[in-house]
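Raw contents of structure-v2.txt, compact mmCIF, C-alpha atoms:
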```
# COMPACT_ATOMS: atom_id res chain seq x y z
CA MET A 1 61.45 -12.54 46.99
CA ALA A 2 62.65 -9.30 45.43
CA LEU A 3 61.14 -6.28 47.13
CA ARG A 4 60.07 -3.39 44.95
CA ASP A 5 59.38 0.25 45.79
CA ARG A 6 56.18 0.36 47.84
CA SER A 7 55.06 3.77 46.56
CA LYS A 8 54.32 4.81 43.00
CA THR A 9 55.74 8.18 42.04
CA SER A 10 53.21 10.46 40.36
CA PRO A 11 53.86 13.49 38.13
CA PRO A 12 54.59 16.81 39.90
CA GLY A 13 51.47 18.32 41.46
CA HIS A 14 49.82 14.94 42.01
CA HIS A 15 49.54 12.76 45.10
CA VAL A 16 52.00 9.94 45.59
CA THR A 17 49.92 6.77 45.27
CA ILE A 18 50.42 4.19 48.00
CA GLU A 19 49.41 0.61 47.37
CA VAL A 20 47.27 -1.07 50.03
CA MET A 21 46.70 -4.82 49.91
CA VAL A 22 43.43 -6.07 51.44
CA VAL A 23 43.49 -9.74 52.47
CA ASP A 24 40.04 -11.13 53.31
CA ASP A 25 38.26 -14.33 52.31
CA SER A 26 34.93 -12.56 51.66
CA ALA A 27 34.65 -11.08 48.17
CA VAL A 28 31.92 -8.72 49.34
CA ILE A 29 33.99 -7.42 52.26
CA ARG A 30 37.06 -7.03 50.05
CA GLN A 31 35.13 -4.78 47.69
CA ARG A 32 33.66 -2.73 50.53
CA LEU A 33 37.07 -2.20 52.09
CA LYS A 34 38.50 -1.27 48.71
CA SER A 35 35.78 1.35 48.23
CA ILE A 36 36.40 2.85 51.69
CA ILE A 37 40.19 2.98 51.37
CA GLU A 38 40.19 4.36 47.82
CA SER A 39 37.92 7.21 48.93
CA ASP A 40 41.28 8.72 49.85
CA PRO A 41 42.87 9.31 46.42
CA ARG A 42 46.34 8.67 47.81
CA PHE A 43 45.62 4.95 48.10
CA ARG A 44 45.27 2.25 45.44
CA VAL A 45 43.93 -1.11 46.65
CA THR A 46 44.86 -4.60 45.49
CA LEU A 47 42.85 -7.60 46.68
CA ALA A 48 43.83 -11.07 47.91
CA ALA A 49 41.35 -13.77 48.91
CA ASP A 50 43.69 -15.41 51.42
CA PRO A 51 47.33 -15.37 52.61
CA TYR A 52 48.44 -17.79 49.89
CA GLU A 53 47.21 -15.44 47.18
CA ALA A 54 48.79 -12.54 49.10
CA VAL A 55 52.20 -14.28 49.08
CA ALA A 56 51.99 -14.75 45.31
CA MET A 57 51.15 -11.06 44.89
CA LEU A 58 53.97 -10.00 47.23
CA SER A 59 56.49 -11.70 44.96
CA ARG A 60 55.47 -9.28 42.22
CA SER A 61 54.85 -6.04 44.13
CA VAL A 62 55.20 -5.10 47.80
CA PRO A 63 52.44 -2.78 49.06
CA GLY A 64 52.91 0.10 51.47
CA VAL A 65 50.25 -1.27 53.83
CA ILE A 66 48.40 -4.56 54.31
CA VAL A 67 44.88 -4.69 55.76
CA LEU A 68 44.49 -8.21 57.10
CA ASP A 69 41.53 -10.23 58.33
CA VAL A 70 42.11 -12.76 61.12
CA GLU A 71 39.61 -15.51 60.39
CA MET A 72 40.34 -17.14 57.02
CA PRO A 73 39.98 -20.82 56.08
CA ARG A 74 43.32 -21.91 54.55
CA MET A 75 45.62 -19.85 56.80
CA ASP A 76 44.49 -17.54 59.58
CA GLY A 77 45.65 -13.94 59.65
CA LEU A 78 47.80 -14.28 62.79
CA THR A 79 49.80 -17.14 61.27
CA PHE A 80 50.34 -15.08 58.13
CA LEU A 81 51.31 -12.03 60.18
CA ARG A 82 53.90 -14.06 62.11
CA LYS A 83 55.47 -15.36 58.90
CA LEU A 84 55.33 -11.94 57.26
CA MET A 85 57.05 -10.16 60.13
CA LYS A 86 59.88 -12.71 60.16
CA GLN A 87 60.51 -12.55 56.42
CA HIS A 88 59.41 -9.12 55.18
CA PRO A 89 58.26 -6.77 57.99
CA MET A 90 55.84 -4.12 56.76
CA PRO A 91 52.97 -2.00 58.12
CA VAL A 92 49.88 -4.13 58.81
CA VAL A 93 46.40 -3.10 59.96
CA MET A 94 44.58 -6.05 61.53
CA CYS A 95 40.77 -6.42 61.52
CA THR A 96 39.30 -8.43 64.38
CA SER A 97 36.68 -8.12 67.10
CA VAL A 98 38.39 -10.61 69.41
CA ALA A 99 40.37 -8.66 72.01
CA GLU A 100 42.90 -11.42 72.71
CA ARG A 101 43.73 -11.71 69.01
CA ALA A 102 44.03 -7.94 68.73
CA VAL A 103 46.66 -7.80 71.48
CA THR A 104 48.52 -10.76 69.94
CA ALA A 105 48.58 -9.00 66.56
CA LEU A 106 50.00 -5.84 68.11
CA GLU A 107 52.63 -7.89 69.96
CA MET A 108 53.64 -9.48 66.65
CA GLY A 109 54.16 -6.07 65.09
CA ALA A 110 50.85 -4.97 63.58
CA ILE A 111 50.77 -1.17 63.48
CA GLU A 112 47.05 -0.83 64.17
CA VAL A 113 44.11 -3.07 65.06
CA ILE A 114 40.56 -2.08 64.20
CA ALA A 115 37.44 -3.87 65.40
CA LYS A 116 35.27 -5.36 62.67
CA PRO A 117 32.14 -3.32 61.99
CA ASP A 118 28.52 -4.34 62.04
CA TRP A 119 27.95 -3.97 58.31
CA LEU A 120 24.18 -3.91 58.90
CA ASN A 121 24.41 -0.83 61.15
CA ALA A 122 24.40 1.88 58.51
CA ALA A 123 24.42 4.69 61.08
CA ARG A 124 27.82 3.64 62.47
CA LEU A 125 29.55 2.81 59.19
CA PRO A 126 30.73 6.36 58.32
CA GLU A 127 32.53 6.62 61.68
CA TRP A 128 34.03 3.15 61.27
CA SER A 129 35.12 3.94 57.71
CA GLU A 130 36.95 7.07 58.86
CA ASN A 131 38.62 5.09 61.66
CA LEU A 132 39.78 2.50 59.11
CA LEU A 133 41.16 5.23 56.86
CA GLU A 134 43.00 6.82 59.77
CA SER A 135 44.50 3.43 60.69
CA VAL A 136 45.70 2.94 57.12
CA ARG A 137 47.17 6.45 57.11
CA ASN A 138 48.96 5.75 60.41
CA ALA A 139 50.37 2.52 58.99
CA ALA A 140 51.58 4.30 55.86
CA ARG A 141 53.35 6.95 57.94
CA ALA A 142 54.85 4.32 60.24
CA GLY A 143 56.25 2.65 57.13
CA LYS A 144 58.03 5.94 56.32
CA LEU A 145 55.93 6.41 53.23
CA PRO A 146 55.34 9.96 51.93
CA LEU A 147 52.05 10.76 53.64
CA ARG A 148 51.78 14.03 55.55
CA GLU A 149 50.70 13.76 59.18
CA GLU A 150 47.36 15.45 59.04
CA ARG A 151 43.77 14.32 59.20
CA PRO A 152 41.00 16.02 57.23
CA GLN A 153 38.17 16.96 59.56
CA ALA A 154 34.52 17.45 58.87
CA ALA A 155 32.57 20.22 60.56
CA SER A 156 30.81 17.55 62.61
CA ASP A 157 34.15 16.32 64.00
CA PRO A 158 35.52 19.25 66.03
CA ARG A 159 38.97 18.96 67.50
CA HIS A 160 38.22 19.41 71.17
CA SER A 161 40.85 20.60 73.61
CA ALA A 162 41.18 19.23 77.12
CA ASP A 163 39.02 22.16 78.31
CA VAL A 164 35.85 20.23 77.43
CA VAL A 165 36.73 17.67 80.11
CA LEU A 166 38.96 19.55 82.55
CA PRO A 167 39.43 23.36 82.53
CA HIS A 168 42.99 24.62 82.70
CA ALA A 169 44.14 25.48 86.23
CA PRO A 170 47.53 25.86 87.93
CA TYR A 171 48.89 23.31 90.38
CA ILE A 172 48.07 24.23 93.98
CA PRO A 173 50.90 23.08 96.28
CA ARG A 174 50.07 20.79 99.18
CA ALA A 175 51.47 21.00 102.71
CA THR A 176 53.35 17.76 102.06
CA LEU A 177 54.37 16.21 98.76
CA GLY A 178 52.32 13.09 98.02
CA GLU A 179 53.57 9.69 96.94
CA PRO A 180 55.20 9.79 93.48
CA ILE A 181 53.06 8.67 90.55
CA VAL A 182 53.79 8.10 86.86
CA VAL A 183 51.48 8.81 83.92
CA LEU A 184 52.27 7.41 80.47
CA GLY A 185 50.75 8.23 77.10
CA VAL A 186 51.32 6.07 74.03
CA SER A 187 49.68 5.26 70.71
CA THR A 188 50.93 3.57 67.51
CA GLY A 189 53.62 1.05 68.45
CA GLY A 190 52.70 1.33 72.10
CA VAL A 191 51.90 -2.29 72.91
CA GLN A 192 55.45 -3.40 72.20
CA ALA A 193 56.88 -0.27 73.86
CA ILE A 194 54.95 -0.84 77.11
CA GLN A 195 55.92 -4.52 77.09
CA ALA A 196 59.57 -3.51 76.79
CA LEU A 197 59.31 -0.76 79.43
CA LEU A 198 57.52 -2.36 82.39
CA PRO A 199 59.94 -5.25 83.07
CA HIS A 200 62.61 -2.72 84.07
CA PHE A 201 60.61 -1.38 87.04
CA PRO A 202 60.92 -2.91 90.53
CA ALA A 203 57.91 -4.33 92.35
CA ASP A 204 57.65 -1.20 94.54
CA ALA A 205 57.74 1.27 91.63
CA PRO A 206 55.40 4.29 91.82
CA GLY A 207 51.78 3.78 90.87
CA MET A 208 51.28 4.25 87.15
CA VAL A 209 48.40 5.25 84.91
CA VAL A 210 48.58 4.42 81.19
CA VAL A 211 46.61 5.77 78.24
CA GLN A 212 47.19 3.53 75.22
CA HIS A 213 45.09 4.45 72.18
CA MET A 214 43.08 1.28 71.55
CA PRO A 215 39.55 0.39 70.44
CA ALA A 216 36.93 -0.22 73.11
CA ASP A 217 37.07 -3.66 74.77
CA PHE A 218 40.72 -4.29 73.83
CA THR A 219 42.46 -2.64 76.80
CA GLY A 220 41.22 -5.24 79.27
CA ALA A 221 42.93 -8.01 77.32
CA PHE A 222 46.04 -5.84 76.99
CA ALA A 223 46.19 -5.28 80.76
CA GLU A 224 45.65 -8.99 81.43
CA ARG A 225 48.45 -9.91 79.02
CA LEU A 226 50.83 -7.54 80.78
CA ASN A 227 49.78 -8.82 84.20
CA ASN A 228 50.55 -12.40 83.16
CA ASP A 229 53.96 -11.50 81.72
CA PRO A 230 56.49 -13.22 84.04
CA ARG A 231 59.07 -10.50 83.34
CA ILE A 232 56.85 -7.79 84.86
CA GLN A 233 56.89 -7.49 88.66
CA LEU A 234 54.04 -4.98 88.77
CA GLU A 235 50.32 -5.72 88.97
CA VAL A 236 48.58 -4.48 85.80
CA VAL A 237 44.80 -4.03 85.63
CA GLU A 238 42.25 -2.12 83.58
CA ALA A 239 41.26 0.93 85.62
CA ARG A 240 37.86 1.31 87.23
CA HIS A 241 36.21 4.52 88.37
CA HIS A 242 37.80 5.81 91.60
CA GLU A 243 40.52 3.13 91.52
CA PRO A 244 43.36 4.13 93.89
CA ILE A 245 46.80 4.74 92.40
CA ARG A 246 49.33 2.92 94.53
CA ARG A 247 52.86 1.59 94.43
CA GLY A 248 53.49 -1.57 92.45
CA ARG A 249 50.35 -1.17 90.37
CA VAL A 250 49.69 -0.09 86.77
CA LEU A 251 46.21 1.11 85.78
CA VAL A 252 45.32 1.01 82.07
CA ILE A 253 42.51 3.42 81.16
CA PRO A 254 39.69 1.62 79.29
CA GLY A 255 39.77 2.21 75.55
CA GLY A 256 37.16 4.08 73.58
CA THR A 257 34.63 4.90 76.29
CA SER A 258 36.03 7.44 78.75
CA HIS A 259 38.93 9.70 79.69
CA GLY A 260 41.17 8.90 82.63
CA LEU A 261 41.94 11.66 85.14
CA VAL A 262 44.19 11.72 88.18
CA ARG A 263 42.45 13.17 91.23
CA ARG A 264 43.66 13.89 94.74
CA HIS A 265 42.11 11.60 97.34
CA GLY A 266 43.15 12.07 100.95
CA SER A 267 46.92 11.84 101.07
CA GLY A 268 47.08 10.01 97.75
CA TYR A 269 45.48 9.84 94.31
CA ARG A 270 42.87 7.89 92.44
CA VAL A 271 41.61 7.57 88.86
CA GLU A 272 38.39 9.15 87.72
CA LEU A 273 36.74 8.00 84.49
CA ASN A 274 34.97 10.77 82.57
CA GLU A 275 32.73 10.18 79.55
CA GLY A 276 33.44 13.52 77.85
CA PRO A 277 33.89 13.96 74.08
CA PRO A 278 37.14 12.95 72.33
CA VAL A 279 40.08 15.29 72.97
CA CYS A 280 42.84 15.64 70.36
CA LEU A 281 40.69 13.15 68.40
CA HIS A 282 41.04 10.48 71.10
CA ARG A 283 39.12 9.04 74.03
CA PRO A 284 40.87 8.33 76.30
CA SER A 285 43.18 11.26 75.62
CA VAL A 286 46.75 11.58 76.84
CA GLU A 287 46.20 15.35 76.97
CA VAL A 288 43.47 14.96 79.60
CA LEU A 289 45.49 12.49 81.66
CA PHE A 290 48.57 14.73 81.70
CA ARG A 291 46.63 17.90 82.50
CA SER A 292 44.92 16.17 85.41
CA ALA A 293 48.26 14.90 86.74
CA ALA A 294 49.72 18.41 86.54
CA GLN A 295 46.81 19.82 88.55
CA ALA A 296 46.54 17.00 91.09
CA ALA A 297 50.15 16.01 91.70
CA GLY A 298 52.50 18.63 90.24
CA PRO A 299 56.07 17.82 91.37
CA ALA A 300 54.94 14.43 92.72
CA ALA A 301 54.21 13.25 89.15
CA ALA A 302 56.33 12.03 86.26
CA GLY A 303 54.90 12.20 82.72
CA VAL A 304 56.16 10.06 79.87
CA ILE A 305 55.08 10.50 76.24
CA MET A 306 55.96 7.64 73.92
CA THR A 307 55.62 6.38 70.38
CA GLY A 308 52.48 7.51 68.57
CA MET A 309 50.92 9.51 65.75
CA GLY A 310 49.75 13.10 66.10
CA ASP A 311 50.07 15.49 69.03
CA ASP A 312 47.89 14.04 71.79
CA GLY A 313 49.54 14.79 75.14
CA ALA A 314 52.07 17.41 74.03
CA GLY A 315 50.21 20.32 75.65
CA GLY A 316 49.44 18.35 78.79
CA LEU A 317 53.07 17.34 79.20
CA LEU A 318 54.05 21.01 78.98
CA GLU A 319 51.56 21.77 81.77
CA MET A 320 53.16 19.00 83.82
CA ARG A 321 56.61 20.49 83.33
CA GLU A 322 55.33 23.94 84.33
CA ALA A 323 53.84 22.35 87.48
CA GLY A 324 57.24 20.93 88.44
CA SER A 325 56.74 17.36 87.22
CA LEU A 326 59.46 15.19 85.73
CA THR A 327 58.72 15.03 81.98
CA ILE A 328 60.22 12.56 79.50
CA ALA A 329 59.78 12.01 75.77
CA GLN A 330 60.87 8.79 74.07
CA ASN A 331 63.59 9.46 71.51
CA GLU A 332 63.11 9.08 67.77
CA ALA A 333 65.43 6.11 67.32
CA THR A 334 63.33 3.85 69.58
CA CYS A 335 59.86 5.05 68.45
CA VAL A 336 57.77 3.22 65.87
CA VAL A 337 56.25 6.63 65.09
CA PHE A 338 57.90 9.81 66.36
CA GLY A 339 54.76 11.98 66.23
CA MET A 340 53.58 12.55 69.79
CA PRO A 341 57.10 12.77 71.30
CA ARG A 342 58.29 15.07 68.52
CA GLU A 343 55.48 17.54 69.17
CA ALA A 344 56.11 17.47 72.92
CA ILE A 345 59.80 18.17 72.34
CA ARG A 346 58.97 20.96 69.88
CA ARG A 347 56.83 22.69 72.52
CA GLY A 348 59.53 22.43 75.17
CA ALA A 349 57.47 20.00 77.24
CA ALA A 350 60.12 17.30 77.71
CA ARG A 351 62.82 17.80 80.33
CA TYR A 352 64.50 14.65 79.07
CA VAL A 353 64.53 12.90 75.68
CA ALA A 354 65.51 9.30 76.30
CA PRO A 355 65.67 5.93 74.56
CA LEU A 356 63.05 3.47 75.68
CA ASP A 357 65.39 1.39 77.84
CA SER A 358 66.62 4.47 79.76
CA ILE A 359 63.19 5.72 80.81
CA PRO A 360 62.72 3.41 83.85
CA HIS A 361 66.16 4.32 85.22
CA THR A 362 65.41 8.03 84.86
CA ILE A 363 62.11 7.64 86.71
CA MET A 364 63.56 5.56 89.53
CA ALA A 365 66.45 8.03 89.97
CA TRP A 366 63.83 10.77 90.34
CA VAL A 367 61.92 8.68 92.87
CA ALA A 368 65.11 8.18 94.89
CA ASP A 369 65.90 11.91 94.95
CA PRO A 370 62.78 13.94 94.00
CA GLY A 371 64.13 17.14 95.57
CA ALA A 372 67.38 17.19 93.62
CA GLY A 373 66.18 20.28 91.76
CA THR A 374 67.29 19.05 88.35
CA TRP A 375 64.02 17.48 87.17
CA HIS A 376 62.39 20.66 85.87
```
Hey, can you dump this file as structure tokens for me?
Amino acid sequence: MALRDRSKTSPPGHHVTIEVMVVDDSAVIRQRLKSIIESDPRFRVTLAADPYEAVAMLSRSVPGVIVLDVEMPRMDGLTFLRKLMKQHPMPVVMCTSVAERAVTALEMGAIEVIAKPDWLNAARLPEWSENLLESVRNAARAGKLPLREERPQAASDPRHSADVVLPHAPYIPRATLGEPIVVLGVSTGGVQAIQALLPHFPADAPGMVVVQHMPADFTGAFAERLNNDPRIQLEVVEARHHEPIRRGRVLVIPGGTSHGLVRRHGSGYRVELNEGPPVCLHRPSVEVLFRSAAQAAGPAAAGVIMTGMGDDGAGGLLEMREAGSLTIAQNEATCVVFGMPREAIRRGAARYVAPLDSIPHTIMAWVADPGAGTWH
């Protein structure tokens, strides 16, 4: 199959048009998705009724993004995604409400997964439509297509700072330094990044807290998948309110419903779940997690910002560095999307910029010698 340019060049002064292929067996749904996506004039939508029709269309023109349903009669979306990623990898947004399938799609290389909407719930459709558009934009950027990294915001969608959940405050030193902990923030491309990262930690690694931008109800399946991975020696669970942070354990903050904060508790730390508004357009927000770690743990914490779109976590990582924490940003070469790490580096928040496979070694060296004086 000969691949053609995925973007159509427009005359000067006009938007570059990016082709989006929608693959869904329902004609009604295809038309609704087309209408939503083309509300952004930068996108032009082509329609395929199933993967077989999509393959025929791909032989003529390769889109910038594919929006793919999972449940289709002749070939399901996951089977098509697997074949596509082996033969012609490209940015894919998967639509499913089944958490296990969502995690599988992300493992296979889908850029984003969005839960199917309740089309009969008119009150929720505008929010869902904007989430779909943002997922398509993320996929286009991840595919290195010419789409600027910005999101138009309505007056009803304010960009909250972490202050709405946790006011800014300096780290207050403790009489003794607590057990080391690690906080990680990741978004687009994060499922594969976390799966590659965790196997390199020993069973007694510091307790970890992870914010992975995911729709509600998907993070539980993600945590379970990680916990069942035979390469990973750590226990991985979805965090509950007031869950203790302890060695050998990874807590994944639930998606979509609440922020995750690190709080002091006795001589250690625990997770607090807070139902505040989205921060940096996300809930849970990496910004909130990092700020809370700076305030609660200071030099006993390590913060890692990894692949993802936007700037969530950049300010919080800077606060961690100022509090004496070890701070690491994933390097561009190993990121699916170098948005969040780039912004953290730009602000001077990252003490180290490291490839994905070097991050565990850097953290464990810090654990072995936290007072070396070179971490911040």
>> Counting all atoms listed in the file, which residue out of A:Gly77, A:Gly276, A:Pro284, A:Pro180 sits closest to Gly260 in chain A?
In response: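 The closest residue to Gly260 in chain A is A:Pro284.
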> Of the candidates A:Gly324, A:Ile232, A:Val103, A:His160, which one gets nearest to Pro173 in chain A if we count all atoms listed in the file?
Replying inline: A:Gly324
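Nearest residue to Ile328 in chain A among A:Trp366, A:Tyr269, A:Tyr52, A:Trp128 is A:Trp366, counting all atoms listed in the file.
If you look at CA of Leu261 in chain A and CA of Arg124 in chain A, they are 27.9 Å away from each other.
Across A:Leu166, A:Ala140, A:Ile194, A:Val45, the tightest approach to Val210 in chain A is made by A:Ile194 when counting all atoms listed in the file.
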> Any idea what's packed within 12 Å of Pro230 in chain A, counting only C-alpha atoms, ignoring anything in its chain fewer than 5 positions away? Could you give it as a PyMOL selection string?
Replying inline: chain A and resi 195+198-199+224-225+235-236
Dump as a PDB file, keeping the file's coordinate frame, selection limited to C-alpha atoms:
```pdb
ATOM      1  CA  GLN A 195      55.920  -4.520  77.090  1.00  0.00           C
ATOM      2  CA  LEU A 198      57.520  -2.360  82.390  1.00  0.00           C
ATOM      3  CA  PRO A 199      59.940  -5.250  83.070  1.00  0.00           C
ATOM      4  CA  GLU A 224      45.650  -8.990  81.430  1.00  0.00           C
ATOM      5  CA  ARG A 225      48.450  -9.910  79.020  1.00  0.00           C
ATOM      6  CA  GLU A 235      50.320  -5.720  88.970  1.00  0.00           C
ATOM      7  CA  VAL A 236      48.580  -4.480  85.800  1.00  0.00           C
TER       8      VAL A 236
END
```
>> Here is a test: counting all atoms listed in the file, which residue of A:Pro278, A:Pro360, A:Pro355, A:Pro299 is nearest to Val164 in chain A?
In response: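 Result for the nearest residue to Val164 in chain A: A:Pro278.
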